[in-house]
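In what follows, a single structure is set out as structure tokens and then discussed.
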Amino acid sequence: MIGTIINAVLVLIGAMLGLLLKSRLSSRLSSVVIQGLALCVTLIGLQSAIGYGDVLCIIICLVLGTLLGEALQIERRLDSLGEILRKRFVKQGSESRFTEGFVTASILYCVGAMAIMGSIEAGVNQNYSILIAKGVIDGITSITFAAAMGIGVAFSVLPILIYQGGLTLLAAQLGGFFAGNPALIESISAVGGVIIIGIGVNMLGATKERIPVGNMLPAVFLPLLYLPVSSALTGLF
């Protein structure tokens with residue numbers, strides 16, 4: 001949990017610095033910053049997804065994962081959680097982008113190769129270097145995110161602690177399973193990369209309706225089922 005705690009603290013520090021800078025940003029400059037961040041987020045997603053060879057895995061996992069997410073209404077629940085936090089900790093009307101900042105930062109910081117690999121390394125080998133490096137990157141990103149979207153970004157530390165901390169504890173129990181399955185990590189990262197691209201598209205406002213990236217989150221875990229089933233079918237034929 002040490003690496004996850006450091007990651008969360010760095011995000012919190014970055015968000016606080018971003019809030020200090022927020023009053024110095026004009027609305028136009030804030031908009032330009034968000035557009036720049038959106039392009040960077042899209043690039044991060046592309047880097048995770050573009051080199052993966054099994055496109056069918058990505059398609060099947062995204063389709064089935066989105067159907068599951070729609071049934072569970074994950075996007076609505078994330079938005080509701082953001083609204084609950086906003087009403088609890090922020091004065092009415094003072095943070096119109098609280099929920100957007102919370103949801104965007106939470107998904108971006110939790111879905112990605114470094115979050116997965118870092119948590120597994122921390123759990124299996126007690127190696128925290130990946131999570132600390134991720135924390136530095138997340139902390140820098142949270143400065144600009146918080147400056148543009150407000151204090152909601154700071155509350156993304158809650159999903160970070162729950163998701164990365166839980167994955168670290170799980171990896172500690174499963175040990176060699178994750179360490180001996182690099183293909184699984186690669187496929188999870190690729191599916192997550194596509195979801196991150198969706199975040200970038202939403203930030204740019206490039207579609208008429210927002211992509212429900214929250215409802216796609218179950219897709220990240222479906223390679224756990226897809227890879228053994230695919231391997232078994234390949235063996236049969």
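Following the order of the structure tokens, first chain is A, next is B, and so on, with residues numbered from 1 inside each chain and ligands from 1 in the order they appear.
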Closest-contact table, region 81-147 of chain A side, partner region 3-22 of chain A, 12 Å, counting only C-alpha atoms, as a Markdown table:
| residue | atom | partner | partner_atom | distance |
| --- | --- | --- | --- | --- |
| A:Glu95 | CA | A:Leu19 | CA | 11.6 |
| A:Gly101 | CA | A:Ala15 | CA | 10.6 |
| A:Phe102 | CA | A:Ala15 | CA | 11.2 |
| A:Ala105 | CA | A:Val11 | CA | 9.8 |
| A:Ser106 | CA | A:Val11 | CA | 10.7 |
| A:Tyr109 | CA | A:Val11 | CA | 9.3 |
| A:Cys110 | CA | A:Thr4 | CA | 10.8 |
| A:Met114 | CA | A:Asn7 | CA | 11.3 |
| A:Ala115 | CA | A:Thr4 | CA | 9.1 |
| A:Ile116 | CA | A:Thr4 | CA | 11.3 |
| A:Met117 | CA | A:Gly3 | CA | 11.9 |
| A:Gly118 | CA | A:Gly3 | CA | 8.2 |
| A:Ser119 | CA | A:Thr4 | CA | 7.7 |
| A:Ile120 | CA | A:Gly3 | CA | 10.9 |
| A:Glu121 | CA | A:Gly3 | CA | 9.9 |
| A:Ala122 | CA | A:Gly3 | CA | 7.0 |
| A:Gly123 | CA | A:Gly3 | CA | 9.8 |
| A:Gln126 | CA | A:Gly3 | CA | 9.0 |
| A:Asn127 | CA | A:Gly3 | CA | 8.4 |
| A:Tyr128 | CA | A:Gly3 | CA | 5.0 |
| A:Ser129 | CA | A:Gly3 | CA | 7.6 |
| A:Ile130 | CA | A:Gly3 | CA | 8.2 |
| A:Leu131 | CA | A:Gly3 | CA | 5.3 |
| A:Ile132 | CA | A:Gly3 | CA | 5.9 |
| A:Ala133 | CA | A:Asn7 | CA | 8.4 |
| A:Lys134 | CA | A:Asn7 | CA | 6.9 |
| A:Gly135 | CA | A:Asn7 | CA | 3.9 |
| A:Val136 | CA | A:Leu10 | CA | 6.5 |
| A:Ile137 | CA | A:Val11 | CA | 8.8 |
| A:Asp138 | CA | A:Val11 | CA | 5.8 |
| A:Gly139 | CA | A:Val11 | CA | 4.2 |
| A:Ile140 | CA | A:Gly14 | CA | 6.0 |
| A:Thr141 | CA | A:Gly14 | CA | 7.5 |
| A:Ser142 | CA | A:Ala15 | CA | 5.0 |
| A:Ile143 | CA | A:Gly18 | CA | 4.0 |
| A:Thr144 | CA | A:Gly18 | CA | 5.9 |
| A:Phe145 | CA | A:Gly18 | CA | 7.1 |
| A:Ala146 | CA | A:Gly18 | CA | 4.8 |
| A:Ala147 | CA | A:Lys22 | CA | 4.3 |
Keeping only C-alpha atoms, write the selected residues as a PDB file, in the first residue's frame.
ATOM      1  CA  GLU A  95     -17.778  24.295  -8.436  1.00  0.00           C
ATOM      2  CA  GLY A 101     -13.049  16.762 -12.681  1.00  0.00           C
ATOM      3  CA  PHE A 102     -13.649  13.914 -10.235  1.00  0.00           C
ATOM      4  CA  ALA A 105      -9.252  12.262 -13.097  1.00  0.00           C
ATOM      5  CA  SER A 106     -10.421   9.082 -11.343  1.00  0.00           C
ATOM      6  CA  TYR A 109      -5.422   7.743 -12.925  1.00  0.00           C
ATOM      7  CA  CYS A 110      -6.854   4.252 -12.354  1.00  0.00           C
ATOM      8  CA  MET A 114       1.289   1.851 -14.840  1.00  0.00           C
ATOM      9  CA  ALA A 115      -1.608   1.509 -12.385  1.00  0.00           C
ATOM     10  CA  ILE A 116      -1.902  -2.216 -13.129  1.00  0.00           C
ATOM     11  CA  MET A 117       1.782  -3.090 -13.385  1.00  0.00           C
ATOM     12  CA  GLY A 118       2.737  -0.832 -10.484  1.00  0.00           C
ATOM     13  CA  SER A 119       0.151  -2.402  -8.185  1.00  0.00           C
ATOM     14  CA  ILE A 120       1.196  -5.916  -9.180  1.00  0.00           C
ATOM     15  CA  GLU A 121       4.888  -5.138  -8.664  1.00  0.00           C
ATOM     16  CA  ALA A 122       4.097  -3.626  -5.280  1.00  0.00           C
ATOM     17  CA  GLY A 123       2.020  -6.622  -4.237  1.00  0.00           C
ATOM     18  CA  GLN A 126       7.288  -5.021  -2.827  1.00  0.00           C
ATOM     19  CA  ASN A 127       8.724  -2.855  -5.594  1.00  0.00           C
ATOM     20  CA  TYR A 128       7.131   0.605  -5.421  1.00  0.00           C
ATOM     21  CA  SER A 129       9.171   2.344  -8.123  1.00  0.00           C
ATOM     22  CA  ILE A 130       6.466   2.137 -10.825  1.00  0.00           C
ATOM     23  CA  LEU A 131       3.746   3.549  -8.560  1.00  0.00           C
ATOM     24  CA  ILE A 132       6.037   6.316  -7.337  1.00  0.00           C
ATOM     25  CA  ALA A 133       6.892   7.245 -10.939  1.00  0.00           C
ATOM     26  CA  LYS A 134       3.181   7.151 -11.762  1.00  0.00           C
ATOM     27  CA  GLY A 135       2.506   9.340  -8.729  1.00  0.00           C
ATOM     28  CA  VAL A 136       4.923  11.986 -10.004  1.00  0.00           C
ATOM     29  CA  ILE A 137       3.225  11.982 -13.423  1.00  0.00           C
ATOM     30  CA  ASP A 138      -0.263  12.031 -11.880  1.00  0.00           C
ATOM     31  CA  GLY A 139       0.751  14.815  -9.518  1.00  0.00           C
ATOM     32  CA  ILE A 140       1.979  17.028 -12.348  1.00  0.00           C
ATOM     33  CA  THR A 141      -1.146  16.246 -14.370  1.00  0.00           C
ATOM     34  CA  SER A 142      -3.386  17.035 -11.403  1.00  0.00           C
ATOM     35  CA  ILE A 143      -1.948  20.557 -11.217  1.00  0.00           C
ATOM     36  CA  THR A 144      -3.299  21.447 -14.648  1.00  0.00           C
ATOM     37  CA  PHE A 145      -6.463  19.391 -14.191  1.00  0.00           C
ATOM     38  CA  ALA A 146      -7.345  21.096 -10.911  1.00  0.00           C
ATOM     39  CA  ALA A 147      -6.492  24.519 -12.308  1.00  0.00           C
TER      40      ALA A 147
END
Would you pick out the contacts of Gly214 (chain A) at 12 Å or less, using only C-alpha atoms, so that residues sharing its chain but fewer than 2 positions from it are not included, and give the list as a CSV table (one decimal) with C-alpha atoms, in the first residue's frame?
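Saved file around.csv follows:
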chain,number,residue,atom,x,y,z
A,62,LEU,CA,-15.3,-3.5,-24.9
A,65,GLY,CA,-17.9,-4.7,-20.8
A,66,THR,CA,-20.0,-1.8,-22.0
A,67,LEU,CA,-23.1,-3.9,-21.9
A,68,LEU,CA,-22.3,-4.9,-18.4
A,69,GLY,CA,-21.5,-1.3,-17.4
A,70,GLU,CA,-24.7,-0.1,-18.9
A,71,ALA,CA,-26.7,-2.7,-16.9
A,72,LEU,CA,-24.9,-1.7,-13.7
A,73,GLN,CA,-25.2,2.1,-14.7
A,74,ILE,CA,-21.6,2.7,-13.6
A,75,GLU,CA,-21.4,6.1,-15.3
A,76,ARG,CA,-24.5,7.3,-13.5
A,77,ARG,CA,-23.2,6.0,-10.2
A,78,LEU,CA,-19.9,7.8,-10.6
A,79,ASP,CA,-21.7,11.0,-11.5
A,100,GLU,CA,-16.4,16.3,-14.4
A,102,PHE,CA,-13.6,13.9,-10.2
A,103,VAL,CA,-14.8,11.4,-12.8
A,104,THR,CA,-12.2,12.3,-15.5
A,105,ALA,CA,-9.3,12.3,-13.1
A,106,SER,CA,-10.4,9.1,-11.3
A,107,ILE,CA,-10.7,7.1,-14.6
A,108,LEU,CA,-7.5,8.5,-16.0
A,110,CYS,CA,-6.9,4.3,-12.4
A,111,VAL,CA,-7.1,2.9,-15.9
A,192,GLY,CA,-7.8,0.5,-20.8
A,195,ILE,CA,-11.1,3.8,-22.7
A,196,ILE,CA,-8.6,6.5,-22.0
A,198,GLY,CA,-12.6,8.0,-24.9
A,199,ILE,CA,-11.8,10.4,-22.0
A,202,ASN,CA,-15.0,13.7,-24.2
A,210,ARG,CA,-20.4,12.3,-24.3
A,211,ILE,CA,-19.0,8.8,-24.5
A,212,PRO,CA,-20.0,6.9,-21.4
A,216,MET,CA,-16.9,0.8,-20.2
A,217,LEU,CA,-14.8,0.1,-17.1
A,218,PRO,CA,-15.8,-3.6,-16.7
A,219,ALA,CA,-14.1,-4.2,-20.1
A,220,VAL,CA,-10.7,-3.7,-18.4
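Take the candidates A:Pro228, A:Leu81, A:Val124, A:Phe155 and check each one against Leu170 (chain A) using only C-alpha atoms; the shortest distance goes to A:Val124.
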Long-range neighbours of Leu43 (chain A) as JSON, numbers by chain, 10 Å cut-off, only C-alpha atoms, 6 positions minimum in chain:
{"A": [37, 49, 193, 196, 197, 200]}
Output C-alpha atoms for every residue in that selection, as a PDB file, in the first residue's frame.
ATOM      1  CA  LEU A  37      -4.643  18.045 -21.748  1.00  0.00           C
ATOM      2  CA  ALA A  49      -3.649   0.426 -27.245  1.00  0.00           C
ATOM      3  CA  GLY A 193      -5.976   2.519 -23.452  1.00  0.00           C
ATOM      4  CA  ILE A 196      -8.573   6.547 -22.015  1.00  0.00           C
ATOM      5  CA  ILE A 197      -8.889   7.660 -25.658  1.00  0.00           C
ATOM      6  CA  GLY A 200      -9.707  12.520 -24.364  1.00  0.00           C
TER       7      GLY A 200
END
Nearest to Gly45 (chain A): which of A:Thr168, A:Ser31, A:Thr207, A:Ser189 is it, counting only C-alpha atoms?
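Ranking A:Thr168, A:Ser31, A:Thr207, A:Ser189 by distance to Gly45 (chain A), first place goes to A:Ser189.
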Shortest contact to Tyr226 (chain A), candidates A:Val153, A:Cys40, A:Asp54, A:Ala172, atoms counted only C-alpha atoms, goes to A:Asp54
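In this model, the gap between CA of Leu169 (chain A) and CA of Val157 (chain A) comes to 17.3 Å.
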